[in-house]
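Below is one structure; the comments refer to it alone.
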Amino acid sequence: MAEERETNQQPAQKGESFVGMLVSAGVGLLLAGAAVLMIRHRLWWPVYALWGAGGAALIASAALRPRQIIAVLSGRGVRYGSNTALLVILVIAIAVLANYLAGRHHKRFDLTRTQVNTLSPQTKKILRGLKQPVRIFAFYSQTAGGYQEMQDLLQEYRYGSREVKAQMVDPEANPGLARQYGVTSYSTTIVEAGNQREELYAASEQEITRTLLKLTQAKRKKVYFVQGHGEHDLDSGEPDGYGTIKGALTALNYAVEKLMLPGKAQIPADCDALVIAGPKTPYDPRETAAVQVYLNSGGKALIMVDPDAQGISLAELLEPWGLKPLPHVVVEPNFNFFGDASSVTIMDFAYHDITRPFIRGRALIAVFVLVRAFERTETTEPQLSVQDLLRTSGESWLETNFRGTINRSSAEKRGPFTIGAVVTRGASPEPGAEGSRQARTRMVVLGDSDFAANGIVANGVNKDLFVNSVGWLAESEELISIQPKEPERSPVLLTALQQRIVFFLCLIAVPLAAIVVGTVVWWRRR
């Protein structure tokens with residue numbers, strides 16, 4: 001009897017083992033299909049094949065031996081196995097969900113000091129404002145220099161906007177695409193928007209962003225710099241020239257031109273922003289009238305007046321707009337950049353569209369040298385609004401007898417002082433409303449023009465302050481931000497003693513310590 005019972009149990013055990021193998025195989029195939037889906041992020045034929053095979057195995061196991069499948073499913077091993085399988089499925093589900101969320105909500109952290117691996121706020125703002133598809137093809141050899149850097153840069157552009165389609169192309173692996181775009185050399189980048197195309201060589205973030213603006217902007221804004229009264233030379237590379245500023249505006253797709261105001265009866269009708277940069281000789285009445293007519297008709301102007309420039313204050317131009325230039329030099333003994341009290345450092349910016357990016361930043365400053373202050377004047381214009389932009393501290397004063405040194409007297413006026421202001425007249429009108437130009441008058445008035453000169457403009461946020469002012473005046477708010485960063489090298493410079501210490505530690509001390517420890521261990525085990 002016992003032998004007969006054992007004989008009857010052997011087929012049942014074999015059947016149960018076979019059914020268990022089918023169930024395990026079915027579950028394994030289903031999990032394999034889920035893993036492939038998680039890796040490739042799309043349904044394709046291997047996923048369907050794995051899921052089909054797994055489902056077929058489970059159905060076959062149930063159809064062949066229904067009683068055994070019930071016995072297997074109720075057994076202790078299956079219960080333990082199902083718990084394990086449930087944990088595996090849960091871990092895979094969490095991984096799939098995390099991967100999905102990471103793909104939909106990209107977030108990275110740039111721990112470098114100057115954020116060199118992150119697009120500038122300005123580029124991000126321009127990317128968010130894209131309204132049409134843009135294609136970027138970077139033709140680089142995988143074995144040549146610059147490939148990885150460009151690939152990382154294009155990835156940032158793709159993350160910045162869904163409108164950007166960017167890819168790396170190896171001309172050797174894809175010669176057809178290279179011939180299609182007429183690419184004959186490595187390190188060439190093609191930027192396309194609609195029917196327009198631009199070719200760049202060894203492109204940087206600044207060049208790609210400038211090209212995006214050029215290809216997607218409906219109109220190129222025009223900025224005129226007044227010349228003929230000793231203003232800063234727009235084409236000069238000297239320390240007092242404005243060559244750097246011109247390059248910054250051109251890089252943002254502004255059309256920058258000189259305007260010889262003497263002899264002109266009016267400001268050109270296509271002027272989107274007028275810049276008066278520190279005149280050294282007076283304007284004659286006809287020139288002042290031409291600027292006033294332009295402003296009264298809804299013009300936009302950035303006016304910078306240096307202190308004591310042979311008595312030039314442009315008071316007759318500014319006072320009708322609620323600002324009166326004060327004589328003398330603003331002295332800031334506690335907040336100066338060059339160790340000279342005549343240099344004024346601004347760290348506390350008034351809130352405005354122009355300065356908003358600086359307020360969000362940390363430890364950002366603007367540096368001025370020899371600054372004039374302004375005070376408010378009475379005006380009968382009901383729609384005129386004057387707002388402070390830059391103010392000095394309460395420790396500043398007006399130096400009445402500045403000769404390179406300072407000596408404060410009780411008679412000299414004490415701060416704080418307004419050294420920068422914005423003036424607007426009226427509110428933005430409804431589209432097509434009559435007199436709309438008059439309602440959009442905008443002015444930025446600063447008490448120094450040297451802050452944007454080549455020798456000083458690289459300090460703090462000076463260049464950004466100038467460019468943002470032009471952007472606000474020209475109603476190009478998408479360009480108001482912090483400019484793209486130039487790549488910065490941070491070499492480690494060691495003294496002769498430090499070099500000897502590094503040499504001793506790396507090439508002598510560490511290897512010698514390893515030899516000593518190894519010798520001691522060998523001796524003890526011997």
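Chain labels follow the order of the structure tokens: the first chain is A, the next B, and so on; residue numbering restarts at 1 in every chain, and ligands are counted from 1 in their shown order.
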Give me the residues within 7 Å of range 439-447 of chain A as a PyMOL selection string, counting only C-alpha atoms and dropping any in the same chain fewer than 5 places off.
chain A and resi 295+298-306+371-373+419-429+469+473
Give me the residues within 7 Å of range 192-200 of chain A as a PyMOL selection string, counting only C-alpha atoms and dropping any in the same chain fewer than 4 places off.
chain A and resi 133-136+188+215-216
Identify, on the basis of only C-alpha atoms, every residue whose closest approach to range 225-237 of chain A does not exceed 9 Å; exclude the query and any residue fewer than 3 positions from it along the same chain; express the result as a list in words.
Asp240, Gly241, Tyr242, Gly243, Thr244, Ile245, Lys246, Val256, Glu257, Lys258, Leu259, Met260, Leu261, Pro262, Ala273, Leu274, Val275, Ile276, Ala277, Gly278, Pro279, Lys280, Thr281, Pro282, Tyr283, Ser449, Asp450, Ala453 and Asn454 of chain A
Written selection (N, CA and C atoms) as an mmCIF file, in the first residue's frame:
```cif
data_model
loop_
_atom_site.group_PDB
_atom_site.id
_atom_site.type_symbol
_atom_site.label_atom_id
_atom_site.label_comp_id
_atom_site.auth_asym_id
_atom_site.auth_seq_id
_atom_site.Cartn_x
_atom_site.Cartn_y
_atom_site.Cartn_z
ATOM 1 N N ASP A 240 37.563 104.321 -22.558
ATOM 2 C CA ASP A 240 36.381 105.174 -22.452
ATOM 3 C C ASP A 240 35.411 104.977 -23.616
ATOM 4 N N GLY A 241 35.659 104.010 -24.493
ATOM 5 C CA GLY A 241 34.783 103.747 -25.621
ATOM 6 C C GLY A 241 33.617 102.852 -25.245
ATOM 7 N N TYR A 242 32.696 102.702 -26.182
ATOM 8 C CA TYR A 242 31.496 101.892 -25.974
ATOM 9 C C TYR A 242 31.468 100.666 -26.887
ATOM 10 N N GLY A 243 32.641 100.205 -27.307
ATOM 11 C CA GLY A 243 32.696 99.054 -28.201
ATOM 12 C C GLY A 243 32.102 97.798 -27.584
ATOM 13 N N THR A 244 32.338 97.574 -26.285
ATOM 14 C CA THR A 244 31.802 96.390 -25.606
ATOM 15 C C THR A 244 30.279 96.421 -25.563
ATOM 16 N N ILE A 245 29.734 97.588 -25.256
ATOM 17 C CA ILE A 245 28.276 97.737 -25.207
ATOM 18 C C ILE A 245 27.673 97.513 -26.587
ATOM 19 N N LYS A 246 28.306 98.050 -27.613
ATOM 20 C CA LYS A 246 27.795 97.843 -28.965
ATOM 21 C C LYS A 246 27.766 96.350 -29.292
ATOM 22 N N VAL A 256 22.299 98.621 -34.188
ATOM 23 C CA VAL A 256 22.907 99.743 -33.467
ATOM 24 C C VAL A 256 23.508 100.711 -34.486
ATOM 25 N N GLU A 257 23.124 101.973 -34.386
ATOM 26 C CA GLU A 257 23.613 102.985 -35.328
ATOM 27 C C GLU A 257 23.930 104.280 -34.598
ATOM 28 N N LYS A 258 24.821 105.063 -35.193
ATOM 29 C CA LYS A 258 25.142 106.393 -34.677
ATOM 30 C C LYS A 258 24.146 107.412 -35.230
ATOM 31 N N LEU A 259 23.881 108.447 -34.441
ATOM 32 C CA LEU A 259 22.997 109.530 -34.874
ATOM 33 C C LEU A 259 23.719 110.854 -34.620
ATOM 34 N N MET A 260 24.139 111.492 -35.681
ATOM 35 C CA MET A 260 24.766 112.807 -35.571
ATOM 36 C C MET A 260 23.661 113.837 -35.391
ATOM 37 N N LEU A 261 23.377 114.176 -34.147
ATOM 38 C CA LEU A 261 22.257 115.062 -33.850
ATOM 39 C C LEU A 261 22.445 116.484 -34.375
ATOM 40 N N PRO A 262 23.651 117.059 -34.334
ATOM 41 C CA PRO A 262 23.803 118.409 -34.874
ATOM 42 C C PRO A 262 23.334 118.481 -36.331
ATOM 43 N N ALA A 273 14.893 103.033 -29.549
ATOM 44 C CA ALA A 273 15.483 103.526 -28.304
ATOM 45 C C ALA A 273 16.600 104.502 -28.661
ATOM 46 N N LEU A 274 16.613 105.652 -27.990
ATOM 47 C CA LEU A 274 17.621 106.682 -28.205
ATOM 48 C C LEU A 274 18.539 106.712 -26.995
ATOM 49 N N VAL A 275 19.863 106.715 -27.220
ATOM 50 C CA VAL A 275 20.833 106.705 -26.131
ATOM 51 C C VAL A 275 21.645 107.996 -26.197
ATOM 52 N N ILE A 276 21.638 108.753 -25.100
ATOM 53 C CA ILE A 276 22.472 109.947 -24.942
ATOM 54 C C ILE A 276 23.495 109.622 -23.872
ATOM 55 N N ALA A 277 24.737 109.416 -24.263
ATOM 56 C CA ALA A 277 25.766 108.861 -23.378
ATOM 57 C C ALA A 277 26.803 109.919 -23.007
ATOM 58 N N GLY A 278 26.470 110.750 -22.016
ATOM 59 C CA GLY A 278 27.436 111.669 -21.438
ATOM 60 C C GLY A 278 27.964 112.731 -22.372
ATOM 61 N N PRO A 279 27.146 113.650 -22.873
ATOM 62 C CA PRO A 279 27.665 114.715 -23.745
ATOM 63 C C PRO A 279 28.627 115.638 -22.992
ATOM 64 N N LYS A 280 29.620 116.144 -23.721
ATOM 65 C CA LYS A 280 30.617 117.058 -23.142
ATOM 66 C C LYS A 280 30.407 118.498 -23.589
ATOM 67 N N THR A 281 29.585 118.719 -24.587
ATOM 68 C CA THR A 281 29.263 120.065 -25.052
ATOM 69 C C THR A 281 27.754 120.226 -25.069
ATOM 70 N N PRO A 282 27.260 121.478 -24.925
ATOM 71 C CA PRO A 282 25.806 121.692 -24.801
ATOM 72 C C PRO A 282 25.068 121.376 -26.095
ATOM 73 N N TYR A 283 23.787 121.029 -25.946
ATOM 74 C CA TYR A 283 22.882 120.897 -27.081
ATOM 75 C C TYR A 283 22.356 122.296 -27.429
ATOM 76 N N SER A 449 27.778 108.026 -17.171
ATOM 77 C CA SER A 449 27.864 107.303 -18.439
ATOM 78 C C SER A 449 29.107 106.430 -18.514
ATOM 79 N N ASP A 450 30.072 106.680 -17.606
ATOM 80 C CA ASP A 450 31.327 105.913 -17.642
ATOM 81 C C ASP A 450 31.142 104.481 -17.172
ATOM 82 N N ALA A 453 31.436 102.204 -20.037
ATOM 83 C CA ALA A 453 32.621 102.287 -20.882
ATOM 84 C C ALA A 453 33.424 100.989 -20.806
ATOM 85 N N ASN A 454 34.253 100.751 -21.811
ATOM 86 C CA ASN A 454 34.980 99.482 -21.913
ATOM 87 C C ASN A 454 35.791 99.152 -20.664
#
```
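If only C-alpha atoms are the atoms counted, then among A:Ala34, A:Ala62, A:Leu50, A:Val331 the closest residue to Val88 in chain A is A:Ala34.
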Calculate how many Å separate CA of Ala53 in chain A from CA of Ala98 in chain A, rounding to one decimal.
27.5 Å
Enumerate, as a tab-separated table (two decimals) with N, CA and C atoms, in the first residue's frame, the complete set of residues in range 264-392 of chain A that a backbone-based DSSP assignment places in strand (DSSP E or B).
```
chain	number	residue	atom	x	y	z
A	273	ALA	N	14.89	103.03	-29.55
A	273	ALA	CA	15.48	103.53	-28.30
A	273	ALA	C	16.60	104.50	-28.66
A	274	LEU	N	16.61	105.65	-27.99
A	274	LEU	CA	17.62	106.68	-28.20
A	274	LEU	C	18.54	106.71	-26.99
A	275	VAL	N	19.86	106.72	-27.22
A	275	VAL	CA	20.83	106.71	-26.13
A	275	VAL	C	21.65	108.00	-26.20
A	276	ILE	N	21.64	108.75	-25.10
A	276	ILE	CA	22.47	109.95	-24.94
A	276	ILE	C	23.50	109.62	-23.87
A	277	ALA	N	24.74	109.42	-24.26
A	277	ALA	CA	25.77	108.86	-23.38
A	277	ALA	C	26.80	109.92	-23.01
A	300	LYS	N	11.41	106.64	-26.66
A	300	LYS	CA	12.10	105.92	-25.59
A	300	LYS	C	13.54	106.39	-25.57
A	301	ALA	N	14.06	106.75	-24.38
A	301	ALA	CA	15.42	107.31	-24.33
A	301	ALA	C	16.13	106.89	-23.05
A	302	LEU	N	17.41	106.56	-23.20
A	302	LEU	CA	18.33	106.34	-22.09
A	302	LEU	C	19.27	107.54	-22.05
A	303	ILE	N	19.14	108.35	-21.00
A	303	ILE	CA	19.89	109.60	-20.89
A	303	ILE	C	20.85	109.50	-19.72
A	304	MET	N	22.14	109.65	-20.00
A	304	MET	CA	23.17	109.59	-18.96
A	304	MET	C	23.90	110.92	-18.92
A	309	ALA	N	30.33	118.05	-16.23
A	309	ALA	CA	30.93	117.94	-17.56
A	309	ALA	C	30.85	119.30	-18.24
A	312	ILE	N	27.50	120.81	-18.29
A	312	ILE	CA	26.42	120.16	-19.03
A	312	ILE	C	25.57	119.36	-18.05
A	323	LEU	N	12.56	115.52	-13.28
A	323	LEU	CA	13.87	115.28	-12.69
A	323	LEU	C	14.77	116.50	-12.90
A	324	LYS	N	15.48	116.85	-11.84
A	324	LYS	CA	16.43	117.97	-11.91
A	324	LYS	C	17.82	117.46	-11.55
A	325	PRO	N	18.81	117.57	-12.46
A	325	PRO	CA	20.17	117.14	-12.14
A	325	PRO	C	20.79	118.06	-11.08
A	329	VAL	N	29.56	116.07	-7.12
A	329	VAL	CA	29.81	114.63	-7.22
A	329	VAL	C	29.26	113.93	-5.98
A	330	VAL	N	28.60	112.80	-6.19
A	330	VAL	CA	28.13	111.99	-5.07
A	330	VAL	C	29.30	111.19	-4.51
A	331	VAL	N	29.53	111.30	-3.21
A	331	VAL	CA	30.62	110.58	-2.55
A	331	VAL	C	30.02	109.52	-1.65
A	343	SER	N	33.97	106.52	-6.23
A	343	SER	CA	33.31	105.39	-6.88
A	343	SER	C	32.16	104.93	-5.99
A	344	VAL	N	31.01	104.71	-6.61
A	344	VAL	CA	29.80	104.36	-5.87
A	344	VAL	C	29.39	102.95	-6.24
A	345	THR	N	29.20	102.11	-5.23
A	345	THR	CA	28.76	100.73	-5.45
A	345	THR	C	27.31	100.58	-5.00
A	346	ILE	N	26.47	100.12	-5.90
A	346	ILE	CA	25.05	99.92	-5.60
A	346	ILE	C	24.80	98.44	-5.38
A	349	PHE	N	19.02	97.36	-5.07
A	349	PHE	CA	18.34	97.84	-6.27
A	349	PHE	C	16.85	98.01	-5.99
A	366	ALA	N	26.45	97.01	-8.87
A	366	ALA	CA	26.72	97.88	-10.01
A	366	ALA	C	27.72	98.92	-9.55
A	367	VAL	N	28.70	99.23	-10.40
A	367	VAL	CA	29.81	100.10	-10.03
A	367	VAL	C	29.78	101.36	-10.89
A	368	PHE	N	29.85	102.52	-10.24
A	368	PHE	CA	29.86	103.81	-10.93
A	368	PHE	C	31.06	104.61	-10.45
A	369	VAL	N	31.54	105.49	-11.30
A	369	VAL	CA	32.66	106.37	-10.96
A	369	VAL	C	32.27	107.80	-11.32
A	371	VAL	N	29.59	110.21	-9.98
A	371	VAL	CA	28.16	110.09	-10.23
A	371	VAL	C	27.46	111.40	-9.89
A	374	PHE	N	20.05	113.24	-8.74
A	374	PHE	CA	18.86	113.93	-9.25
A	374	PHE	C	17.88	114.15	-8.11
A	375	GLU	N	17.03	115.15	-8.25
A	375	GLU	CA	15.93	115.34	-7.34
A	375	GLU	C	14.65	115.56	-8.13
A	376	ARG	N	13.52	115.29	-7.49
A	376	ARG	CA	12.23	115.42	-8.17
A	376	ARG	C	11.87	116.89	-8.34
A	384	LEU	N	2.33	111.48	-15.70
A	384	LEU	CA	3.77	111.30	-15.58
A	384	LEU	C	4.10	110.54	-14.30
A	385	SER	N	4.95	109.54	-14.41
A	385	SER	CA	5.36	108.75	-13.25
A	385	SER	C	6.89	108.69	-13.22
A	386	VAL	N	7.46	109.03	-12.04
A	386	VAL	CA	8.91	108.98	-11.85
A	386	VAL	C	9.20	108.00	-10.72
A	387	GLN	N	10.06	107.02	-10.98
A	387	GLN	CA	10.35	105.98	-10.00
A	387	GLN	C	11.86	105.86	-9.83
A	388	ASP	N	12.31	105.80	-8.57
A	388	ASP	CA	13.73	105.59	-8.30
A	388	ASP	C	14.16	104.22	-8.80
A	389	LEU	N	15.35	104.16	-9.36
A	389	LEU	CA	15.92	102.90	-9.82
A	389	LEU	C	17.16	102.54	-9.01
A	390	LEU	N	18.03	103.54	-8.76
A	390	LEU	CA	19.27	103.33	-8.01
A	390	LEU	C	19.40	104.45	-6.98
A	391	ARG	N	19.70	104.08	-5.74
A	391	ARG	CA	19.88	105.07	-4.68
A	391	ARG	C	21.13	104.74	-3.88
```
Just want the 6 Å neighbourhood of Tyr140 in chain A, counted on only C-alpha atoms, with same-chain residues fewer than 6 positions away dropped. Output as an MDAnalysis selection string.
chainID A and resid 147 170 186:187
Would you work out the distance separating CA of Gln122 in chain A from CA of Leu479 in chain A, expressed in Å to one decimal?
6.4 Å
Running DSSP on the backbone, which parts of range 168-409 of chain A land in helix (DSSP H, G or I), as JSON, numbers by chain?
{"A": [175, 176, 177, 178, 179, 180, 205, 206, 207, 208, 209, 210, 211, 212, 213, 214, 215, 216, 243, 244, 245, 246, 247, 248, 249, 250, 251, 285, 286, 287, 288, 289, 290, 291, 292, 293, 294, 295, 296, 315, 316, 317, 318, 319, 320, 321, 356, 357, 358, 359, 360]}
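Here CA of Thr189 in chain A and CA of Lys125 in chain A stand 21.8 Å from one another.
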Using only C-alpha atoms, find the one residue out of A:Asp464, A:Asp152, A:Glu378, A:Glu475 that sits nearest to Lys219 in chain A.
A:Glu475
